[in-house]
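Working notes, structure below.
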Amino acid sequence: MVARWAHNPKAVGSNPTPATNFFQILGASMPKLPTHDTLIQPKTIAVCTYVAGVNTWKLEDYNAEFKSLVKTLGLEIAHEMVIKLRLVDKARFFTKGKLQDLVDFCNANKVEQIILSSGLNGLQHRNLEVAANVKVIDRTDLILSIFKNSAKTAEGKLQVELAEISIERTKLYGMGKDLAQQQHGEGSRGPGETVREHFLRETSEEVLKREKRLKELAKVRDAQRKKRLKSDKPMISLVGYTNAGKSTILNGLTHADVLAENKLFATLDTTTKELFLTLDKKALISDTVGFISDLPHHLIRAFRSTLDELHYADLLLHVVDLSNHSWREHIEIVNETLKDIEVKKPTVLIFNKIDAVSEDALEEVKNECLEKNIPALFICANEKSDLVQLKKFLENSNLFKKK
Ligand SMILES: Nc1nc2c(ncn2[C@@H]2O[C@H](COP(=O)(O)OP(=O)(O)OP(=O)(O)O)[C@@H](O)[C@H]2O)c(=O)[nH]1
Ligand SMILES: [Mg+2]
């Protein structure tokens, strides 16, 4: 099997057609990232890499989330491994000994693909593929592939494509001096151009095309938003960690038909619906893309226009899956992501999935919120009476006092 980033000077320039990714420029075939309909799966090892000081979660919870990402992508795991690292090697990610252990295991078990829970830089990615001689999917690839599968609208697809190009560009930058110096062969338009320069030039055009199209779509979104703002209805946004139950709540409150399922990143596109509370109290409520730890920043940047909606919200309903062991970490990650995108809005925590939590645990969190004066509601999104309670809360909230 040819390693994904294998450096093959003979192949350079063998593909004269304009390339949109540097695999084509290198003459290699584009790595086929897994999709739901991949029938024959390569023998895959899921390697949970737990780095001291970087991974602050409990190992089991971090590993469980990693495996649900792999499952969401529809990949079967043939082998699993947990590798604890005290430090990360800049060029290989793993220390020499740990890398050798992994390579030996892959060789002995005829592993054809490695999936890592961590994100790698370009050089680490390439070196790992060369050392193991199999395809490597890192955290960025994994999340990007899930986003690709979930993107339904033109805007969602363009945003994912933009993120993909910028991830490739960043990885190419990190791949070392050889690509920066290697001359691009026949078929390139720029004489004396290096592989890296050629790729950056070609992808710049691709980026511009997509950004232009996205701007056009953003104009439509702007016009719709202006109309909504004129309507004087308060705007509520559901935010939260992926799989917390945001879409289930939107569907339950408004009879919308947003896909809600036990998969990470089921929703990528923002859906806004009218929320009828009483005859004279109506609001607008929207669902947004979920967050996750180490969400590749390229994806956040690409989804900026979708996430921009949050800047216009009057209230955020921060949905938390209370049945998940790591709910506290999830809250922190969502808060950090909101801070990154400069969203600061009045927020109420909606602790969801209380049906899957013991009464004692529930009491404890309720008391904690009371003691700390944290605005919070506790619901099961599948219970009508709980949604009525949520509606009552919104009806009596400040949302309508200022209007
Ligand atoms: N037990 C239980 N399951 C729930 C509840 N609310 C939602 N779920 C389930 O949790 C899963 C995720 O729900 P979604 O509404 O898709 O979650 P989301 O936050 O929109 O997820 P993303 O779009 O992936 O970010 C689905 O399988 C829901 O049926 C609840 O109150 N109790
Ligand atoms: Mg959703």
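Letters for chains follow the order of the structure tokens (A, B, ...), residue numbers begin at 1 for each chain, and ligand numbers begin at 1 in the order shown.
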Could you give me, as a PyMOL selection string, the residues within 9 Å of range 258-275 of chain A, counting only C-alpha atoms and dropping anything in the same chain fewer than 2 positions from it? chain A and resi 68-69+71-73+143+146-147+150-153+155-156+233+237+242-243+245-248+250-251+253-254+256+277+281-292+303+306-307+309+391
If you run DSSP on this backbone, which residues of range 83-271 of chain A come out as strand (DSSP E or B), and could you give them as a VMD selection string? chain A and resid 83 to 85 89 93 113 to 116 135 to 137 183 194 235 to 241 271
Neighbour list for range 340-348 of chain A as a list in words, cut-off 8 Å, only C-alpha atoms, skip fewer than 2 positions in-chain: Arg304, Leu310, His311, Ala313, Asp314, Leu315, Leu316, Leu317, His318, Glu336, Thr337, Leu338, Ile350, Ile374, Pro375, Ala376 and Leu377 of chain A
Would you mind exporting the chosen residues as a compact mmCIF listing (two decimals), in the first residue's frame, restricted to C-alpha atoms?
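Dumped to selection39.txt:
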# COMPACT_ATOMS: atom_id res chain seq x y z
CA ARG A 304 -18.55 31.69 10.77
CA LEU A 310 -25.77 33.90 17.34
CA HIS A 311 -24.72 37.56 17.39
CA ALA A 313 -29.82 36.33 19.48
CA ASP A 314 -31.57 37.91 22.47
CA LEU A 315 -31.20 34.73 24.49
CA LEU A 316 -29.11 31.57 24.27
CA LEU A 317 -30.50 28.27 25.47
CA HIS A 318 -27.33 26.33 26.22
CA GLU A 336 -14.88 28.69 25.25
CA THR A 337 -16.10 28.29 21.67
CA LEU A 338 -18.68 31.06 22.17
CA ILE A 350 -31.08 23.69 29.73
CA ILE A 374 -27.06 29.80 37.79
CA PRO A 375 -30.15 30.20 35.60
CA ALA A 376 -31.08 26.64 34.67
CA LEU A 377 -33.97 24.40 33.68
Please identify all polymer residues within 9 Å of Leu162 in chain A, counting only C-alpha atoms, omitting same-chain residues fewer than 6 positions from it, and present them as a list in words.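 That gives Glu206, Val207, Arg210, Glu211, His298, Leu299 and Ala302 of chain A.
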Which polymer residues have any atom within 9 Å of an atom of range 226-229 of chain A, counting only C-alpha atoms, with same-chain residues fewer than 5 positions away left out, as a compact mmCIF listing (two decimals) with C-alpha atoms, in the first residue's frame?
# COMPACT_ATOMS: atom_id res chain seq x y z
CA ARG A 221 -29.26 35.25 4.86
CA PRO A 234 -37.25 38.09 20.13
CA MET A 235 -34.63 35.74 18.82
CA LEU A 284 -38.03 33.01 16.74
CA TYR A 312 -28.33 38.51 16.76
Determine, counting only C-alpha atoms, which protein, DNA and RNA residues have an atom within 8 Å of an atom of Trp57 in chain A; residues of the same chain fewer than 2 positions away are not included. Present the result as a list in words. Asn55, Leu59, Asp61, Tyr62, Ser326 and Glu329 of chain A
May I have a table of the residues of range 128-239 of chain A lying at most 9 Å from range 89-103 of chain A, giving each one's closest pair of atoms and their distance in Å to one decimal, counting only C-alpha atoms, ordered by chain and ascending residue number, as CSV?
residue,atom,partner,partner_atom,distance
A:Leu128,CA,A:Arg92,CA,6.3
A:Ala131,CA,A:Val103,CA,7.0
A:Ala132,CA,A:Val103,CA,5.1
A:Asn133,CA,A:Val103,CA,8.6
